[in-house]
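**Q** Input entry_34.txt, format and content: compact mmCIF, C-alpha atoms and all ligand atoms.
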```txt
# COMPACT_ATOMS: atom_id res chain seq x y z
CA MET G 1295 6.36 -11.39 20.22
CA ILE G 1296 2.77 -11.48 18.97
CA ARG G 1297 0.27 -14.30 19.16
CA TYR G 1298 -2.15 -14.60 16.22
CA LYS G 1299 -4.39 -17.61 15.55
CA GLY G 1300 -2.09 -20.05 17.24
CA LEU G 1301 0.98 -18.56 15.54
CA LEU G 1302 3.81 -16.87 17.34
CA LEU G 1303 5.14 -13.95 15.35
CA GLU G 1304 8.65 -12.95 16.26
CA ASP G 1305 11.01 -10.37 14.82
CA SER G 1306 14.18 -12.42 15.14
CA TYR G 1307 17.74 -11.14 14.56
CA ARG G 1308 17.76 -13.11 11.35
CA ALA G 1309 14.59 -11.37 10.14
CA GLN G 1310 16.05 -8.00 11.06
CA GLY G 1311 19.27 -8.81 9.21
CA LEU G 1312 17.42 -9.90 6.07
CA ARG G 1313 15.32 -6.74 6.26
CA LYS G 1314 18.43 -4.55 6.38
CA LYS G 1315 19.64 -6.25 3.22
CA LEU G 1316 16.28 -5.68 1.56
CA VAL G 1317 16.48 -1.97 2.39
CA GLN G 1318 19.99 -1.79 0.85
CA ASP G 1319 18.64 -3.58 -2.17
CA ILE G 1320 15.77 -1.17 -2.82
CA SER G 1321 17.93 1.86 -2.08
CA GLN G 1322 20.35 0.60 -4.78
CA LYS G 1323 17.38 0.34 -7.12
CA GLY G 1324 16.88 4.09 -6.69
CA ILE G 1325 14.70 4.76 -3.64
CA SER G 1326 16.22 7.72 -1.80
CA ASP G 1327 13.46 9.00 0.53
CA LYS G 1328 14.88 8.20 3.96
CA ARG G 1329 11.47 8.02 5.58
CA VAL G 1330 10.41 5.34 3.12
CA LEU G 1331 13.57 3.32 3.77
CA ASP G 1332 13.23 3.77 7.54
CA ALA G 1333 9.63 2.53 7.45
CA ILE G 1334 10.60 -0.57 5.47
CA ALA G 1335 13.53 -1.16 7.83
CA LYS G 1336 11.17 -1.01 10.80
CA ILE G 1337 8.14 -3.08 9.72
CA PRO G 1338 8.39 -6.89 9.93
CA ARG G 1339 7.09 -7.77 6.44
CA HIS G 1340 7.12 -11.47 7.32
CA TYR G 1341 4.15 -10.86 9.66
CA PHE G 1342 2.04 -10.09 6.56
CA LEU G 1343 2.77 -13.29 4.65
CA ASP G 1344 1.16 -16.69 5.11
CA SER G 1345 4.57 -18.31 4.97
CA SER G 1346 7.12 -19.07 7.61
CA PHE G 1347 9.99 -18.70 5.15
CA LEU G 1348 11.77 -15.45 5.91
CA GLU G 1349 13.51 -15.61 2.52
CA PHE G 1350 10.17 -15.00 0.80
CA ALA G 1351 9.31 -12.04 3.01
CA TYR G 1352 12.64 -10.33 2.46
CA SER G 1353 13.27 -10.90 -1.22
CA ASP G 1354 12.13 -8.06 -3.44
CA LYS G 1355 9.10 -9.91 -4.79
CA PRO G 1356 5.30 -9.82 -4.57
CA PHE G 1357 3.68 -12.64 -2.61
CA PRO G 1358 0.19 -14.22 -2.44
CA ILE G 1359 -1.93 -13.14 0.54
CA GLY G 1360 -4.98 -15.31 -0.28
CA GLU G 1361 -8.19 -14.63 -2.23
CA GLY G 1362 -6.11 -14.36 -5.42
CA GLN G 1363 -4.49 -11.15 -4.16
CA THR G 1364 -0.87 -10.24 -3.51
CA ILE G 1365 1.20 -8.04 -1.24
CA SER G 1366 3.11 -5.76 -3.64
CA GLN G 1367 6.84 -6.11 -4.23
CA PRO G 1368 8.77 -4.04 -1.63
CA TYR G 1369 10.35 -1.90 -4.36
CA THR G 1370 6.88 -1.07 -5.70
CA VAL G 1371 5.62 -0.17 -2.22
CA ALA G 1372 8.69 2.05 -1.76
CA PHE G 1373 8.34 3.62 -5.22
CA GLN G 1374 4.68 4.56 -4.72
CA SER G 1375 5.37 5.77 -1.16
CA GLN G 1376 8.20 7.99 -2.42
CA LEU G 1377 6.06 9.45 -5.24
CA LEU G 1378 3.41 10.39 -2.68
CA GLN G 1379 5.76 12.95 -1.02
CA ILE G 1380 4.10 12.43 2.35
CA LYS G 1381 4.27 15.14 4.98
CA ALA G 1382 3.48 14.40 8.63
CA GLY G 1383 -0.24 14.69 9.30
CA HIS G 1384 -1.29 14.17 5.67
CA LYS G 1385 -4.67 12.57 5.20
CA VAL G 1386 -4.05 9.66 2.83
CA LEU G 1387 -6.60 7.44 1.08
CA GLU G 1388 -5.41 4.01 -0.06
CA ILE G 1389 -7.38 1.86 -2.51
CA GLY G 1390 -6.61 -1.83 -1.94
CA THR G 1391 -5.78 -2.55 1.71
CA GLY G 1392 -4.73 -6.14 0.94
CA SER G 1393 -2.42 -7.26 3.74
CA GLY G 1394 -2.25 -3.76 5.21
CA TYR G 1395 1.52 -3.53 4.71
CA GLN G 1396 1.44 -0.46 2.44
CA ALA G 1397 -0.95 1.28 4.85
CA ILE G 1398 1.44 0.71 7.74
CA VAL G 1399 4.41 2.02 5.72
CA LEU G 1400 2.45 5.26 5.18
CA MET G 1401 1.52 5.47 8.87
CA GLU G 1402 5.18 5.09 9.82
CA MET G 1403 5.87 8.04 7.52
CA GLY G 1404 3.47 10.15 9.58
CA ALA G 1405 0.31 9.88 7.47
CA LYS G 1406 -3.23 9.45 8.72
CA VAL G 1407 -4.40 6.51 6.63
CA TYR G 1408 -7.86 5.62 5.33
CA SER G 1409 -7.89 2.40 3.32
CA ILE G 1410 -10.59 0.63 1.28
CA GLU G 1411 -10.66 -3.08 0.44
CA ARG G 1412 -13.09 -4.84 -1.94
CA VAL G 1413 -12.58 -8.41 -0.69
CA LYS G 1414 -14.38 -8.91 2.61
CA ILE G 1415 -12.10 -11.62 4.00
CA LEU G 1416 -9.03 -9.42 3.46
CA TYR G 1417 -10.79 -6.42 5.03
CA GLU G 1418 -11.71 -8.50 8.07
CA LYS G 1419 -8.24 -9.92 8.46
CA ALA G 1420 -6.61 -6.47 8.30
CA LYS G 1421 -9.14 -5.10 10.78
CA GLU G 1422 -8.29 -7.83 13.25
CA PHE G 1423 -4.57 -8.14 12.66
CA LEU G 1424 -3.18 -4.59 12.29
CA PRO G 1425 -4.20 -3.44 15.79
CA LEU G 1426 -2.21 -6.40 17.19
CA LEU G 1427 0.87 -4.78 15.68
CA GLY G 1428 -0.09 -1.47 17.27
CA TYR G 1429 -1.56 0.22 14.17
CA LYS G 1430 -5.09 1.45 13.68
CA PRO G 1431 -5.58 2.77 10.17
CA LYS G 1432 -9.20 3.57 9.31
CA LEU G 1433 -10.38 0.57 7.27
CA TYR G 1434 -13.40 0.35 5.00
CA TYR G 1435 -15.03 -2.48 3.10
CA GLY G 1436 -16.22 -1.17 -0.25
CA ASP G 1437 -15.43 -0.13 -3.79
CA GLY G 1438 -12.31 2.00 -4.08
CA TYR G 1439 -13.44 3.34 -7.46
CA LYS G 1440 -15.82 5.54 -5.52
CA GLY G 1441 -13.34 6.59 -2.84
CA LEU G 1442 -14.74 7.95 0.43
CA PRO G 1443 -16.73 11.07 -0.54
CA ARG G 1444 -17.95 11.67 3.03
CA LEU G 1445 -14.37 11.98 4.28
CA ALA G 1446 -12.86 13.91 1.35
CA PRO G 1447 -10.74 15.82 0.58
CA PHE G 1448 -7.52 13.82 0.87
CA ASP G 1449 -4.01 15.26 0.64
CA ARG G 1450 -2.82 12.10 -1.04
CA ILE G 1451 -4.50 9.12 -2.74
CA ILE G 1452 -2.70 5.88 -3.61
CA VAL G 1453 -4.20 3.09 -5.72
CA THR G 1454 -2.51 -0.31 -5.28
CA ALA G 1455 -4.41 -2.27 -7.96
CA ALA G 1456 -4.35 -1.85 -11.75
CA ALA G 1457 -6.99 0.64 -12.90
CA PRO G 1458 -8.25 0.71 -16.50
CA GLU G 1459 -8.46 4.50 -16.23
CA VAL G 1460 -8.16 7.24 -13.62
CA PRO G 1461 -11.44 7.19 -11.62
CA HIS G 1462 -13.14 10.62 -11.70
CA ASP G 1463 -14.44 10.18 -8.18
CA LEU G 1464 -10.87 9.94 -6.88
CA LEU G 1465 -9.76 13.10 -8.70
CA ALA G 1466 -12.78 14.86 -7.20
CA GLN G 1467 -11.69 13.85 -3.70
CA LEU G 1468 -8.17 15.27 -4.00
CA ALA G 1469 -7.32 18.33 -1.88
CA THR G 1470 -5.64 21.42 -3.31
CA ASP G 1471 -1.95 20.63 -3.86
CA GLY G 1472 -2.95 16.99 -3.58
CA ILE G 1473 -1.28 14.05 -5.34
CA LEU G 1474 -2.85 10.85 -6.70
CA ILE G 1475 -0.57 7.88 -7.50
CA ILE G 1476 -2.15 5.19 -9.66
CA PRO G 1477 -1.05 2.35 -12.01
CA VAL G 1478 -3.16 2.73 -15.16
CA GLY G 1479 -3.54 0.23 -17.98
CA ASP G 1480 -4.67 -3.16 -19.16
CA SER G 1481 -5.08 -5.44 -16.15
CA ASN G 1482 -3.70 -8.44 -18.09
CA GLY G 1483 -0.57 -6.64 -19.17
CA VAL G 1484 1.56 -3.90 -17.73
CA GLN G 1485 0.44 -0.58 -16.31
CA VAL G 1486 2.01 2.86 -16.34
CA MET G 1487 2.53 4.45 -12.95
CA LYS G 1488 0.99 7.90 -13.02
CA SER G 1489 1.16 10.79 -10.60
CA ILE G 1490 -1.51 13.46 -10.86
CA HIS G 1491 -1.08 16.78 -9.06
CA LYS G 1492 -3.93 19.20 -8.39
CA ASP G 1493 -2.90 22.87 -8.17
CA SER G 1494 -4.62 25.75 -6.40
CA ASN G 1495 -6.64 26.56 -9.55
CA GLY G 1496 -7.97 23.01 -9.63
CA VAL G 1497 -5.80 22.18 -12.66
CA PHE G 1498 -4.50 18.58 -12.87
CA THR G 1499 -0.99 17.81 -14.15
CA GLU G 1500 -0.11 14.24 -15.00
CA LYS G 1501 3.34 12.60 -15.08
CA GLU G 1502 4.38 9.05 -15.97
CA HIS G 1503 6.88 7.00 -13.97
CA GLY G 1504 7.53 3.74 -15.81
CA GLN G 1505 5.87 0.35 -16.05
CA PHE G 1506 4.62 -1.91 -13.28
CA ARG G 1507 2.43 -4.97 -12.88
CA PHE G 1508 -0.48 -5.00 -10.43
CA VAL G 1509 -3.43 -7.27 -9.76
CA PRO G 1510 -6.58 -5.85 -11.38
CA MET G 1511 -8.93 -3.48 -9.64
CA LEU G 1512 -12.23 -5.29 -9.09
CA GLU G 1513 -15.43 -3.64 -10.27
CA ASP G 1514 -18.99 -3.92 -9.02
CA LYS G 1515 -18.30 -6.99 -6.96
CA LYS G 1516 -20.52 -7.74 -4.00
N1 LIG R 1601 -1.67 -2.55 -0.69
C1 LIG R 1601 -1.73 -4.00 -0.52
C2 LIG R 1601 -1.54 -4.79 -1.80
C3 LIG R 1601 -2.62 -4.62 -2.68
S1 LIG R 1601 -3.03 -5.86 -3.87
C4 LIG R 1601 -0.71 -4.47 0.47
O1 LIG R 1601 0.11 -3.68 0.94
O2 LIG R 1601 -0.75 -5.66 0.80
C5 LIG R 1601 -4.48 -5.02 -4.41
C6 LIG R 1601 -5.63 -5.04 -3.44
O3 LIG R 1601 -6.66 -4.24 -3.99
C7 LIG R 1601 -6.22 -6.43 -3.25
O4 LIG R 1601 -6.31 -6.72 -1.88
C8 LIG R 1601 -7.61 -6.31 -3.89
O5 LIG R 1601 -8.58 -7.13 -3.27
C9 LIG R 1601 -7.90 -4.84 -3.69
N2 LIG R 1601 -8.89 -4.28 -4.61
C10 LIG R 1601 -9.14 -4.64 -5.91
N3 LIG R 1601 -10.12 -3.90 -6.43
C11 LIG R 1601 -10.52 -3.03 -5.47
C12 LIG R 1601 -11.51 -1.99 -5.42
N4 LIG R 1601 -12.30 -1.72 -6.46
N5 LIG R 1601 -11.62 -1.29 -4.26
C13 LIG R 1601 -10.83 -1.57 -3.19
N6 LIG R 1601 -9.89 -2.53 -3.18
C14 LIG R 1601 -9.73 -3.26 -4.30
```
Could the structure of this file be written out as structure tokens, please?
Ligand code: SAH
**A**
Amino acid sequence: MIRYKGLLLEDSYRAQGLRKKLVQDISQKGISDKRVLDAIAKIPRHYFLDSSFLEFAYSDKPFPIGEGQTISQPYTVAFQSQLLQIKAGHKVLEIGTGSGYQAIVLMEMGAKVYSIERVKILYEKAKEFLPLLGYKPKLYYGDGYKGLPRLAPFDRIIVTAAAPEVPHDLLAQLATDGILIIPVGDSNGVQVMKSIHKDSNGVFTEKEHGQFRFVPMLEDKK
């Protein structure tokens, strides 16, 4: 049981049962990476929502987390996590910390996570809340378009907001044999999920993985 701002967070049997069903649900939708499914089975998603209704936390839907932002749909979190092909010890950069849920999924898969958030209130909440759950990803307040040049290269980079194009700075911060996963397209419509692999000659190969809907990536906001 965890105490947070006068709330008692508890991973009840009912929550665990609903979570098992959610995992079955997303595995039926095509997620096969066992480490992804295990991470989702383990992490109490209801801790990340400002709602006491477990049904919301464990249905396969996005949900508002305040400041006009959302925690991504579990299937989308699983899909991006699977595309990343995480190996234990990988250095992973996430753009869009939001609630911190995606970051924790990646940590459970063995990654060392660095995550950037553009909205200060969300950054501050994640910084305070995630350690209470026993996780300490490295969190940064700033513009994800620019990545974290001082800490590059990264084995993997994941963008969790809709980008109008692939940011050059992020490609530049990818390690050899690195993978970038990013939804690209019009922020008012749908985006195409892209994976970009960098080979040992520094050549990038791009693949497309279907359509998704993300909140827009914010630019130049103070
Ligand atoms: N990964 C999050 C969900 C992300 S929603 C989770 O698991 O909850 C997208 C997030 O990206 C929002 O929190 C939004 O504020 C943030 N964001 C938008 N533009 C950004 C930018 N330029 N740099 C960093 N974060 C950004």
**Q** Out of G:Val1509, G:Val1497, G:Leu1378, G:Ile1490, which residue has the shortest atom-to-atom distance to ligand LIG 1601 (chain R) when counting all atoms listed in the file?
**A**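 Closest residue, counting all atoms listed in the file: G:Val1509.
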**Q** One number please: CA of Thr1364 (chain G) to atom S1 of ligand LIG 1601 (chain R), in Å, one decimal.
**A** 4.9 Å
**Q** First collect every listed atom of ligand LIG 1601 (chain R); then fit an axis-aligned box around them, widen it by 3 Å on each side, and give centre and edge lengths in Å to one decimal, as AutoDock Vina command-line options.
**A**
```
--center_x -6.1 --center_y -4.2 --center_z -2.8 --size_x 18.4 --size_y 11.8 --size_z 13.4
```
**Q** With only C-alpha atoms as the basis for distance, which of G:Leu1427, G:Val1484, G:Ile1389, G:Leu1343 is at the shortest distance from Gln1505 (chain G)?
**A** G:Val1484
**Q** With only C-alpha atoms as the counted atoms, please give the residues lying no more than 7 Å from region 1311-1317 of chain G, apart from itself and same-chain residues fewer than 6 positions off, as a list of chain:residue names.
**A** G:Leu1331, G:Ile1334, G:Ala1335, G:Tyr1352, G:Ser1353, G:Asp1354
**Q** Write out N, CA and C atoms for region 1337-1357 of chain G, as a compact mmCIF listing (two decimals), in the coordinates of the input.
**A**
```txt
# COMPACT_ATOMS: atom_id res chain seq x y z
N ILE G 1337 9.34 -2.22 9.70
CA ILE G 1337 8.14 -3.08 9.72
C ILE G 1337 8.46 -4.53 9.35
N PRO G 1338 8.12 -5.48 10.22
CA PRO G 1338 8.39 -6.89 9.93
C PRO G 1338 7.46 -7.39 8.81
N ARG G 1339 7.94 -7.37 7.57
CA ARG G 1339 7.09 -7.77 6.44
C ARG G 1339 6.67 -9.23 6.55
N HIS G 1340 7.47 -10.04 7.24
CA HIS G 1340 7.12 -11.47 7.32
C HIS G 1340 5.84 -11.70 8.13
N TYR G 1341 5.42 -10.73 8.94
CA TYR G 1341 4.15 -10.86 9.66
C TYR G 1341 2.95 -10.84 8.70
N PHE G 1342 3.15 -10.30 7.50
CA PHE G 1342 2.04 -10.09 6.56
C PHE G 1342 1.88 -11.21 5.54
N LEU G 1343 2.79 -12.18 5.61
CA LEU G 1343 2.77 -13.29 4.65
C LEU G 1343 2.31 -14.57 5.32
N ASP G 1344 1.55 -15.39 4.57
CA ASP G 1344 1.16 -16.69 5.11
C ASP G 1344 2.27 -17.71 4.85
N SER G 1345 3.48 -17.37 5.20
CA SER G 1345 4.57 -18.31 4.97
C SER G 1345 5.59 -18.11 6.07
N SER G 1346 6.14 -19.22 6.54
CA SER G 1346 7.12 -19.07 7.61
C SER G 1346 8.52 -18.90 7.06
N PHE G 1347 8.65 -18.84 5.72
CA PHE G 1347 9.99 -18.70 5.15
C PHE G 1347 10.39 -17.23 5.05
N LEU G 1348 11.33 -16.85 5.88
CA LEU G 1348 11.77 -15.45 5.91
C LEU G 1348 12.33 -15.00 4.56
N GLU G 1349 12.92 -15.95 3.83
CA GLU G 1349 13.51 -15.61 2.52
C GLU G 1349 12.45 -15.00 1.59
N PHE G 1350 11.22 -15.54 1.67
CA PHE G 1350 10.17 -15.00 0.80
C PHE G 1350 9.83 -13.57 1.21
N ALA G 1351 9.73 -13.36 2.52
CA ALA G 1351 9.31 -12.04 3.01
C ALA G 1351 10.33 -10.96 2.67
N TYR G 1352 11.61 -11.34 2.63
CA TYR G 1352 12.64 -10.33 2.46
C TYR G 1352 13.39 -10.41 1.14
N SER G 1353 12.75 -11.06 0.14
CA SER G 1353 13.27 -10.90 -1.22
C SER G 1353 12.35 -9.87 -1.87
N ASP G 1354 12.88 -9.17 -2.86
CA ASP G 1354 12.13 -8.06 -3.44
C ASP G 1354 11.12 -8.60 -4.46
N LYS G 1355 10.11 -9.27 -3.93
CA LYS G 1355 9.10 -9.91 -4.79
C LYS G 1355 7.70 -9.75 -4.21
N PRO G 1356 6.67 -9.78 -5.10
CA PRO G 1356 5.30 -9.82 -4.57
C PRO G 1356 5.04 -11.20 -3.99
N PHE G 1357 3.96 -11.34 -3.23
CA PHE G 1357 3.68 -12.64 -2.61
C PHE G 1357 2.18 -12.80 -2.41
```
